[in-house]
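To be precise, the following lines are input07.cif, and they hold mmCIF, C-alpha atoms and all ligand atoms.
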```
data_input
loop_
_atom_site.label_atom_id
_atom_site.label_comp_id
_atom_site.auth_asym_id
_atom_site.auth_seq_id
_atom_site.Cartn_x
_atom_site.Cartn_y
_atom_site.Cartn_z
CA MET A 1239 200.40 37.49 248.84
CA SER A 1240 200.21 37.67 245.10
CA GLN A 1241 202.97 38.56 242.74
CA SER A 1242 201.12 41.71 241.77
CA THR A 1243 201.00 42.73 245.42
CA VAL A 1244 204.75 42.51 245.52
CA PHE A 1245 205.43 44.37 242.34
CA ASN A 1246 202.65 46.90 241.97
CA ASN A 1247 202.95 50.53 242.87
CA PHE A 1248 206.30 51.35 241.33
CA PRO A 1249 206.96 54.90 242.47
CA VAL A 1250 209.21 55.46 239.47
CA LYS A 1251 209.00 53.91 236.07
CA PHE A 1252 210.93 50.69 236.55
CA SER A 1253 210.22 48.05 233.95
CA PRO A 1254 209.11 44.90 235.71
CA VAL A 1255 211.65 42.09 235.43
CA THR A 1256 209.62 39.02 234.71
CA TRP A 1257 212.28 36.43 235.43
CA ALA A 1258 213.50 38.16 238.52
CA ASP A 1259 210.00 38.86 239.77
CA ASN A 1260 209.17 35.19 239.49
CA LEU A 1261 212.31 34.26 241.33
CA LEU A 1262 211.67 36.77 244.06
CA TYR A 1263 208.07 35.65 244.40
CA LYS A 1264 209.12 32.04 244.82
CA ILE A 1265 211.69 33.02 247.35
CA THR A 1266 209.11 35.02 249.25
CA LEU A 1267 207.02 31.88 249.57
CA SER A 1268 209.85 30.21 251.39
CA LEU A 1269 209.72 33.03 253.94
CA MET A 1270 212.78 35.18 254.35
CA ALA A 1271 214.72 32.75 252.22
CA MET A 1272 214.96 35.76 249.94
CA ILE A 1273 217.93 36.87 251.94
CA LEU A 1274 220.39 36.69 249.17
CA TRP A 1275 223.20 38.33 251.00
CA MET A 1276 225.85 37.77 248.44
CA LEU A 1277 226.36 35.84 245.26
CA PRO A 1278 229.93 34.75 244.77
CA LEU A 1279 230.87 32.60 241.83
CA THR A 1280 233.95 30.87 240.60
CA ALA A 1281 235.83 32.72 237.87
CA ALA A 1282 234.30 30.65 235.08
CA GLN A 1283 230.86 31.02 236.59
CA ALA A 1284 231.35 34.75 236.88
CA GLU A 1285 231.66 34.83 233.11
CA SER A 1286 228.64 32.62 232.58
CA GLY A 1287 226.85 34.43 235.41
CA ARG A 1288 225.58 36.90 232.87
CA HIS A 1289 223.36 34.14 231.56
CA MET A 1290 222.43 32.65 234.90
CA GLY A 1291 219.90 35.32 235.65
CA PHE A 1292 221.08 35.92 239.17
CA MET A 1293 221.30 39.61 238.58
CA PRO A 1294 217.93 40.87 237.47
CA GLY A 1295 218.14 43.95 235.38
CA MET A 1296 220.23 42.35 232.66
CA ASP A 1297 217.14 42.24 230.48
CA ASN A 1298 215.11 45.24 231.57
CA GLY A 1299 217.11 47.93 229.86
CA LEU A 1300 218.34 49.52 233.05
CA PRO A 1301 222.06 49.67 233.68
CA HIS A 1302 223.80 47.83 236.46
CA ILE A 1303 224.64 50.78 238.60
CA GLY A 1304 227.10 50.49 241.44
CA LEU A 1305 229.87 47.93 241.80
CA TYR A 1306 228.55 45.18 239.53
CA ALA A 1307 230.77 45.87 236.50
CA TYR A 1308 233.82 46.42 238.68
CA THR A 1309 233.26 43.16 240.54
CA MET A 1310 232.49 41.02 237.50
CA SER A 1311 235.63 42.15 235.70
CA HIS A 1312 237.84 41.61 238.74
CA ALA A 1313 236.44 38.11 239.32
CA ARG A 1314 238.50 36.92 236.35
CA VAL A 1315 241.83 38.34 237.48
CA ALA A 1316 244.28 35.43 237.77
CA ASN A 1317 246.71 37.03 240.22
CA PRO A 1318 245.05 39.78 242.24
CA PRO A 1319 247.51 42.16 243.97
CA ASP A 1320 248.56 41.86 247.61
CA LEU A 1321 247.52 44.18 250.37
CA LEU A 1322 249.76 47.24 250.71
CA GLY A 1323 252.17 46.73 253.61
CA GLY A 1324 251.76 42.95 253.60
CA PRO A 1325 249.32 40.54 255.26
CA ILE A 1326 247.36 41.44 258.38
CA ARG A 1327 246.47 38.61 260.76
CA VAL A 1328 243.47 39.04 263.04
CA GLY A 1329 242.70 36.66 265.90
CA LEU A 1330 239.80 36.63 268.35
CA VAL A 1331 238.75 34.28 271.14
CA LYS A 1332 235.60 35.02 273.17
CA LYS A 1333 234.11 32.43 275.45
CA ASN A 1334 230.57 32.79 276.77
CA THR A 1335 230.10 36.33 275.57
CA SER A 1336 226.70 37.99 275.19
CA THR A 1337 224.87 37.44 271.91
CA ARG A 1338 221.89 39.01 270.20
CA TRP A 1339 219.89 36.83 267.86
CA THR A 1340 218.04 38.91 265.25
CA LEU A 1341 214.44 37.93 264.59
CA PRO A 1342 212.93 38.54 261.14
CA GLY A 1343 211.16 41.86 261.00
CA PRO A 1344 210.77 45.30 259.48
CA ARG A 1345 213.66 47.52 258.50
CA PHE A 1346 213.02 51.25 258.42
CA VAL A 1347 214.42 53.06 255.41
CA ASP A 1348 217.26 55.58 255.72
CA PRO A 1349 216.77 58.50 253.30
CA ALA A 1350 220.56 58.98 253.26
CA VAL A 1351 220.87 55.56 251.63
CA PHE A 1352 217.64 55.27 249.60
CA GLY A 1353 216.57 58.87 248.90
CA THR A 1354 212.85 59.49 248.51
CA PRO A 1355 210.16 57.99 246.25
CA ALA A 1356 210.60 60.99 243.95
CA HIS A 1357 214.39 60.64 243.93
CA PRO A 1358 215.25 57.02 244.67
CA VAL A 1359 218.87 55.96 245.01
CA GLY A 1360 220.53 52.72 246.10
CA TRP A 1361 218.45 50.66 243.66
CA GLU A 1362 221.11 48.24 242.41
CA GLN A 1363 219.17 45.44 240.82
CA ALA A 1364 219.83 42.30 242.74
CA PRO A 1365 217.74 39.73 244.58
CA PHE A 1366 216.44 41.06 247.88
CA PRO A 1367 218.32 42.25 249.83
CA LEU A 1368 221.68 41.52 248.20
CA ILE A 1369 222.66 45.14 247.73
CA GLY A 1370 220.10 47.75 246.82
CA MET A 1371 216.34 47.89 246.91
CA GLN A 1372 213.96 48.32 244.04
CA PRO A 1373 211.67 51.22 244.97
CA SER A 1374 208.66 48.90 244.77
CA TRP A 1375 209.99 47.03 247.77
CA LEU A 1376 209.86 50.13 249.96
CA ARG A 1377 206.70 51.46 251.57
CA SER A 1378 206.17 55.20 251.58
CA GLU A 1379 203.97 57.85 253.12
CA ASN A 1380 203.78 61.60 252.50
CA GLY A 1381 206.61 61.49 249.96
CA LYS A 1382 209.00 59.61 252.24
CA TYR A 1383 209.98 55.99 252.49
CA THR A 1384 208.88 54.25 255.69
CA PHE A 1385 209.95 50.61 255.87
CA VAL A 1386 210.80 47.65 253.68
CA ASP A 1387 207.66 45.88 252.54
CA HIS A 1388 209.01 42.46 253.55
CA ALA A 1389 210.36 40.90 256.69
CA THR A 1390 214.15 41.29 256.73
CA PRO A 1391 217.06 39.97 258.81
CA PHE A 1392 217.69 43.60 259.87
CA SER A 1393 214.92 44.23 262.37
CA ASP A 1394 215.16 45.88 265.79
CA TRP A 1395 213.93 42.66 267.37
CA MET A 1396 216.56 40.68 269.15
CA THR A 1397 216.81 38.08 271.86
CA VAL A 1398 219.68 37.95 274.33
CA GLY A 1399 221.87 34.87 274.70
CA VAL A 1400 225.37 33.58 275.25
CA GLY A 1401 227.86 32.30 272.71
CA SER A 1402 231.51 31.63 272.00
CA VAL A 1403 233.66 32.44 269.02
CA LYS A 1404 237.22 31.90 267.93
CA MET A 1405 238.78 32.93 264.67
CA ASN A 1406 242.00 33.50 262.82
CA LEU A 1407 241.86 35.57 259.67
CA VAL A 1408 244.59 36.52 257.23
CA ASP A 1409 244.03 39.47 254.91
CA ALA A 1410 246.78 39.09 252.28
CA THR A 1411 245.02 39.70 248.96
CA ALA A 1412 243.81 43.24 248.38
CA ILE A 1413 241.44 42.90 245.45
CA ASP A 1414 238.92 40.39 244.08
CA GLY A 1415 240.26 37.74 241.74
CA ALA A 1416 239.96 34.14 240.64
CA ARG A 1417 242.09 33.05 243.60
CA THR A 1418 243.09 34.44 246.96
CA LYS A 1419 245.78 34.24 249.62
CA ASP A 1420 243.28 35.31 252.29
CA LYS A 1421 242.54 32.73 254.97
CA VAL A 1422 239.56 32.12 257.24
CA ASP A 1423 239.47 29.82 260.25
CA PHE A 1424 236.26 30.56 262.13
CA ASP A 1425 234.27 28.64 264.73
CA ALA A 1426 231.26 30.04 266.61
CA SER A 1427 228.64 28.39 268.80
CA PHE A 1428 225.44 29.78 270.26
CA LYS A 1429 221.88 28.75 271.03
CA SER A 1430 218.48 29.33 269.48
CA PRO A 1431 216.39 31.92 271.35
CA ASP A 1432 214.17 29.16 272.81
CA GLY A 1433 217.24 27.27 274.05
CA LYS A 1434 216.24 24.11 272.20
CA PHE A 1435 219.12 24.09 269.75
CA THR A 1436 222.84 24.63 269.94
CA TYR A 1437 224.34 25.80 266.69
CA ARG A 1438 227.90 25.74 265.48
CA VAL A 1439 229.16 27.63 262.44
CA VAL A 1440 232.55 26.54 261.08
CA VAL A 1441 234.25 28.32 258.17
CA LYS A 1442 237.59 27.31 256.66
CA LYS A 1443 237.36 28.80 253.18
CA ALA A 1444 237.51 32.41 252.00
CA LEU A 1445 235.58 33.30 248.84
CA PRO A 1446 238.03 35.00 246.44
CA HIS A 1447 235.51 37.37 244.88
CA GLY A 1448 231.94 38.57 244.98
CA MET A 1449 229.47 39.10 242.17
CA GLY A 1450 227.45 42.20 242.88
CA TYR A 1451 230.10 43.82 245.02
CA PRO A 1452 233.71 42.97 245.92
CA PHE A 1453 234.85 40.63 248.70
CA PHE A 1454 238.47 41.87 248.61
CA GLY A 1455 239.80 38.32 248.33
CA GLY A 1456 237.41 37.01 251.01
CA VAL A 1457 238.90 38.78 254.03
CA VAL A 1458 238.67 42.55 254.38
CA THR A 1459 240.30 44.86 256.93
CA ASN A 1460 239.95 48.57 257.64
CA HIS A 1461 237.18 49.38 255.18
CA LEU A 1462 233.74 50.98 255.03
CA LEU A 1463 230.99 48.47 254.25
CA HIS A 1464 227.17 48.37 253.95
CA GLY A 1465 224.76 51.30 253.75
CA ALA A 1466 225.83 53.99 251.34
CA THR A 1467 228.85 51.99 250.11
CA GLY A 1468 226.90 49.37 248.16
CA ILE A 1469 229.30 46.74 249.52
CA GLY A 1470 226.94 44.34 251.22
CA THR A 1471 223.29 45.04 251.83
CA ARG A 1472 222.22 48.65 252.06
CA LEU A 1473 219.78 47.68 254.81
CA MET A 1474 222.63 47.68 257.32
CA PRO A 1475 223.95 51.17 258.00
CA THR A 1476 227.32 52.30 256.68
CA GLU A 1477 229.94 51.10 259.14
CA PHE A 1478 233.68 51.09 259.40
CA THR A 1479 234.85 47.48 259.49
CA TYR A 1480 238.04 46.51 261.28
CA ALA A 1481 237.89 42.96 259.98
CA GLY A 1482 235.39 40.86 258.08
CA PHE A 1483 235.07 37.90 255.72
CA TRP A 1484 232.86 36.16 253.20
CA GLY A 1485 233.40 32.41 253.11
CA THR A 1486 231.73 29.02 252.91
CA GLY A 1487 231.20 26.78 255.89
CA LYS A 1488 229.33 24.08 257.75
CA ILE A 1489 226.35 24.62 260.04
CA TYR A 1490 225.71 22.13 262.85
CA ARG A 1491 222.50 21.88 264.88
CA ASN A 1492 222.84 19.95 268.14
CA GLY A 1493 226.03 18.42 266.78
CA LYS A 1494 224.51 17.29 263.49
CA LEU A 1495 225.64 18.75 260.17
CA VAL A 1496 222.55 20.42 258.65
CA ASN A 1497 224.02 22.77 256.02
CA ASP A 1498 227.26 22.38 254.09
CA GLY A 1499 228.95 24.78 251.69
CA GLN A 1500 226.80 27.54 253.19
CA ILE A 1501 227.70 31.18 252.56
CA VAL A 1502 228.84 32.81 255.79
CA HIS A 1503 229.65 36.49 256.40
CA MET A 1504 231.24 37.92 259.55
CA MET A 1505 232.15 41.46 260.34
CA ILE A 1506 233.67 43.36 263.26
CA GLY A 1507 232.81 47.02 262.98
CA GLU A 1508 231.30 50.12 264.53
CA LEU A 1509 228.26 49.91 266.79
CA VAL A 1510 225.18 50.17 264.62
CA ARG A 1511 222.48 49.65 267.23
CA GLY A 1512 221.09 52.10 269.78
CA ASP A 1513 220.22 51.66 273.46
CA LYS A 1514 217.10 49.68 272.62
CA GLN A 1515 218.93 47.55 270.01
CA ASP A 1516 217.30 49.57 267.26
CA LEU A 1517 219.27 49.38 264.04
CA GLN A 1518 220.45 52.91 263.32
CA PHE A 1519 220.43 55.02 260.20
CA ASP A 1520 223.81 56.23 258.93
CA GLY A 1521 223.70 59.33 261.14
CA GLY A 1522 223.42 57.24 264.31
CA VAL A 1523 226.41 54.91 263.95
CA ASP A 1524 228.68 55.01 267.03
CA PRO A 1525 232.40 55.08 266.19
CA HIS A 1526 233.43 54.26 269.77
CA GLY A 1527 231.51 51.02 270.01
CA VAL A 1528 232.48 47.73 268.39
CA THR A 1529 230.35 44.72 267.63
CA MET A 1530 230.65 41.54 265.66
CA HIS A 1531 227.88 40.35 263.39
CA LEU A 1532 227.59 36.88 261.93
CA MET A 1533 225.26 36.41 258.99
CA VAL A 1534 224.37 33.04 257.49
CA PRO A 1535 222.05 33.61 254.53
CA PRO A 1536 219.94 30.81 253.00
CA TYR A 1537 222.39 30.12 250.19
CA LYS A 1538 225.13 27.62 249.56
CA ILE A 1539 227.87 27.44 246.96
CA THR A 1540 227.71 24.56 244.50
CA PRO A 1541 229.89 23.72 241.47
CA HIS A 1542 227.18 25.46 239.42
CA GLY A 1543 227.13 28.62 241.52
CA PRO A 1544 225.00 29.76 244.45
CA GLU A 1545 221.86 27.83 245.22
CA LEU A 1546 218.94 28.44 247.57
CA ALA A 1547 219.55 26.52 250.80
CA PRO A 1548 217.58 27.75 253.83
CA VAL A 1549 219.54 27.32 257.03
CA LYS A 1550 217.96 24.41 258.90
CA THR A 1551 217.67 26.21 262.22
CA GLY A 1552 214.54 24.33 263.27
CA TYR A 1553 213.62 27.48 265.19
CA ALA A 1554 210.22 29.15 264.63
CA PRO A 1555 210.55 32.84 265.48
CA PHE A 1556 206.94 33.97 265.62
CA ALA A 1557 206.23 33.46 269.35
CA ALA A 1558 209.24 35.64 270.22
CA ILE A 1559 208.19 38.24 267.65
CA LYS A 1560 204.66 38.39 269.08
CA LYS A 1561 206.03 38.87 272.58
CA LEU A 1562 208.26 41.76 271.47
CA MET A 1563 205.48 43.43 269.55
CA MET A 1564 203.11 43.19 272.52
CA ALA A 1565 205.76 44.65 274.84
CA LYS A 1566 206.27 47.56 272.45
CA MET A 1567 202.52 48.21 272.28
CA LYS A 1568 202.35 48.23 276.08
CA MET A 1569 205.26 50.68 276.24
CA LEU A 1570 203.52 52.93 273.77
CA LYS A 1571 200.31 52.94 275.81
CA GLN A 1572 202.20 53.81 278.99
CA SER A 1573 204.50 56.40 277.46
CA LYS A 1574 204.14 59.87 278.92
CA ASN A 1575 206.72 61.53 276.67
CA MET A 1576 204.61 61.46 273.52
CA THR A 1577 201.82 63.70 272.34
CA PRO A 1578 198.50 62.03 271.42
CA SER A 1579 199.20 62.62 267.73
CA GLN A 1580 202.67 61.08 268.03
CA LYS A 1581 201.14 58.09 269.78
CA LYS A 1582 198.51 57.78 267.08
CA ALA A 1583 201.15 57.84 264.32
CA MET A 1584 203.28 55.28 266.15
CA LYS A 1585 200.30 53.01 266.69
CA LYS A 1586 199.41 53.20 263.02
CA ARG A 1587 202.98 52.21 262.07
CA MET A 1588 202.89 49.31 264.50
CA MET A 1589 199.65 48.07 262.98
CA GLU A 1590 201.29 48.15 259.56
CA VAL A 1591 204.21 46.16 260.91
CA LYS A 1592 201.81 43.68 262.52
CA GLU A 1593 200.12 43.17 259.15
CA LEU A 1594 203.54 42.64 257.49
CA MET A 1595 204.47 39.97 260.02
CA ALA A 1596 201.07 38.25 259.71
CA ARG A 1597 201.71 38.07 255.96
CA THR A 1598 205.19 36.66 256.57
CA LYS A 1599 203.82 34.00 258.89
CA GLU A 1600 201.19 33.08 256.33
CA SER A 1601 203.94 32.65 253.70
CA MET A 1602 205.83 30.43 256.10
CA VAL A 1603 202.82 28.22 256.71
CA GLN A 1604 202.26 27.94 252.97
CA ALA A 1605 205.92 27.01 252.43
CA MET A 1606 205.64 24.35 255.13
CA MET A 1607 202.56 22.90 253.49
CA GLU A 1608 204.37 22.74 250.18
CA GLY A 1609 206.83 20.34 251.76
CA ASP A 1610 210.57 20.24 251.86
CA LYS A 1611 211.17 24.00 251.88
CA PHE A 1612 211.08 25.28 255.37
CA PHE A 1613 213.23 24.30 258.32
CA GLY A 1614 212.57 27.19 260.70
CA GLN A 1615 214.03 30.69 260.48
CA PRO A 1616 216.00 30.30 257.24
CA PHE A 1617 218.89 32.59 258.14
CA MET A 1618 221.05 33.39 261.14
CA HIS A 1619 221.99 36.91 262.05
CA VAL A 1620 223.74 37.00 265.42
CA MET A 1621 225.69 39.77 267.16
CA PHE A 1622 228.54 38.92 269.54
CA GLY A 1623 229.61 41.30 272.29
CA MET A 1624 233.32 42.18 272.14
CA ARG A 1625 235.85 44.99 272.46
CA ARG A 1626 238.38 46.22 269.95
CA SER A 1627 241.08 45.27 272.45
CA ASP A 1628 239.97 41.62 272.19
CA LEU A 1629 241.48 41.49 268.71
CA ARG A 1630 244.97 40.06 268.36
CA ILE A 1631 246.72 41.67 265.42
CA SER A 1632 250.01 40.69 263.81
CA HIS A 1633 251.75 41.50 260.56
CU CU B 1701 228.25 42.80 257.31
#
```

Represent the structure from my file as structure tokens, please.
Ligand SMILES: [Cu+2]
Amino acid sequence: MSQSTVFNNFPVKFSPVTWADNLLYKITLSLMAMILWMLPLTAAQAESGRHMGFMPGMDNGLPHIGLYAYTMSHARVANPPDLLGGPIRVGLVKKNTSTRWTLPGPRFVDPAVFGTPAHPVGWEQAPFPLIGMQPSWLRSENGKYTFVDHATPFSDWMTVGVGSVKMNLVDATAIDGARTKDKVDFDASFKSPDGKFTYRVVVKKALPHGMGYPFFGGVVTNHLLHGATGIGTRLMPTEFTYAGFWGTGKIYRNGKLVNDGQIVHMMIGELVRGDKQDLQFDGGVDPHGVTMHLMVPPYKITPHGPELAPVKTGYAPFAAIKKLMMAKMKMLKQSKNMTPSQKKAMKKRMMEVKELMARTKESMVQAMMEGDKFFGQPFMHVMFGMRRSDLRISH
């Protein structure tokens, strides 16, 4: 895949961002390591962040729409205010609960969040898929967006497993600042889809502020996130969140520490997947269901700010992806509820997705050949089955 392939075909007149394009291209080569979920900085780094180039768009003449200015100014606040009504403590213990491991794959584009090629919205300029999406990253057909032109951690492809989680969170600080009273104590374990690896994710530190969007002191309770909010990636649908955090932690693989200082995000919110695990658009979010998602993006926090650090999962996802795609194709062939033209359209879309995944695999192979870049699926996105009543709340 060439850089021009990535950045051609701008549906609206967006000036190309040379620095950012280069960065994004490099990240693409290390597979889905472009999953820059969030970019927190220390207070001093937040100030210098303007010169770090993490937020493309600084030099292309376009404004930073959305929550960027709000977040950057709040990152410097020495004593951010407390939560109204005092701290909320949230505890959860789930042993051997069901898990869903998300495989890299396509994400279909919700017009409620991204508009249309003629009227794009949700285009906050940030590395993919931190917040918004540059229109050039979205495929379109007949005047409508179809799916993201890169493999994402927000596919409909999941494998079922078992995992355990325990956590104690304190939401005390209301607003982003240079420090926080929020606390995170999180420990989750689960297996790779092929059963070869047992992972453990341990988080003890809340990140006091975000960069492109707020972290609310690291722990957030009772808030809308994702989708239309611009808080977190827009590729997840808008969902009410009972409790969530952004922190840094340690990742263990079969007992061995493989990533340290890694950014970790967890969220307990509304059910965002349908009967077939398909990630919904905003109109399909179920307020009566609850799920927990754990996201470990390929980034760690260093004294100099965030740095690319693919999660060393050791797990290659492509055999599982192939199996799921073949099963879907078989289902399509056997389906009696679709008209021939619907089937034809669906088959065409599946062929496009197949081509996208072949391209992704090719990028992975190239990254492997280039050496010390690729350690398996570079992110973790895992759902944990739970009920709202599993949460222990105290004030
Ligand atoms: Cu989330």

Identify which of the residues A:Tyr1451, A:Phe1385, A:Trp1339, A:Phe1483 lies closest to ligand CU 1701 (chain B), counting only C-alpha atoms and all ligand atoms when measuring atom-to-atom distances.
->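 Counting only C-alpha atoms and all ligand atoms, the residue closest to ligand CU 1701 (chain B) is A:Phe1483.
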
Near-ligand residues for ligand CU 1701 (chain B), threshold 9 Å, all atoms listed in the file, as a ChimeraX atom specification = /A:1463-1464,1469-1471,1474,1477,1479,1482-1483,1503-1507,1530-1533

In the coordinates of the file, take the point (215.1, 32.9, 257.6) and a cut-off of 10 Å; then, counting only C-alpha atoms, name each qualifying protein, DNA or RNA residue as a PyMOL selection string.
-> chain A and resi 1268-1273+1341-1342+1389-1391+1534-1536+1548-1551+1553-1555+1602+1612-1619

Please provide the set of residues having any atom within 10 Å of Lys1382 (chain A), restricted to only C-alpha atoms, with same-chain residues fewer than 5 positions apart removed, written as a ChimeraX atom specification.
-> /A:1347-1349,1353-1357,1376-1377

Return the single residue from A:Gly1343, A:Gly1299, A:Gly1329, A:Gly1499 that is closest to Lys1404 (chain A), with distances computed using all atoms listed in the file.
->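 Closest residue, counting all atoms listed in the file: A:Gly1329.
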
Quote the spacing between CA of Thr1337 (chain A) and CA of Phe1366 (chain A) in Å to one decimal place.
-> 25.7 Å

So which residues are close to (228.5, 42.6, 269.9), meaning at most 6 Å away in the file's coordinates with all atoms listed in the file counted, and can you show them as JSON, numbers by chain?
-> {"A": [1529, 1530, 1621, 1622, 1623, 1624]}

Restricting the calculation to only C-alpha atoms, which member of A:Glu1362, A:Asp1498, A:Asp1520, A:Glu1608 is positioned closest to Ala1466 (chain A)?
->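 With only C-alpha atoms as the atom set, the closest residue is A:Asp1520.
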
From CA of Thr1476 (chain A) to CA of Gly1543 (chain A) the spacing works out at 28.1 Å

Two-atom distance - CA of Arg1338 (chain A), CA of Lys1538 (chain A) (Å) = 23.8 Å

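Proximity to Val1620 (chain A) was assessed for A:Gly1433, A:Pro1373, A:Pro1367, A:Gly1399 counting only C-alpha atoms; the smallest distance is recorded for A:Gly1399.
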
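For the set A:Asp1516, A:Arg1511, A:Arg1345, A:His1526, the residue with the smallest atom-to-atom gap to Trp1375 (chain A) is A:Arg1345, counting only C-alpha atoms.
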
Would you mind telling me which residue in A:Ser1336, A:Gln1372, A:Asn1406, A:Thr1577 lies nearest to Arg1472 (chain A) when using all atoms listed in the file?
-> A:Gln1372

Might you pull out every residue within 8 Å of Val1440 (chain A), with all atoms listed in the file counted and same-chain residues fewer than 4 positions away left off, and present them as a PyMOL selection string?
-> chain A and resi 1423-1426+1487-1489

Counting only C-alpha atoms, what is within 6 Å of Gly1527 (chain A), bar same-chain residues fewer than 3 positions away, as a VMD selection string?
-> chain A and resid 1508 to 1509 1524

Region 1412-1421 of chain A environment, 6 Å, all atoms listed in the file, sequence neighbours closer than 4 positions dropped, as JSON, numbers by chain | {"A": [1281, 1312, 1313, 1314, 1315, 1316, 1318, 1319, 1320, 1321, 1407, 1408, 1444, 1446, 1447, 1454, 1455, 1457]}

Box for region 1422-1441 of chain A: with edges along x, y and z, all listed atoms inside and 8 Å added on each side, what are the centre and edge lengths in Å to one decimal, as lines of an AutoDock Vina configuration file?
```
center_x = 226.9
center_y = 28.1
center_z = 265.6
size_x = 41.4
size_y = 24.0
size_z = 32.8
```
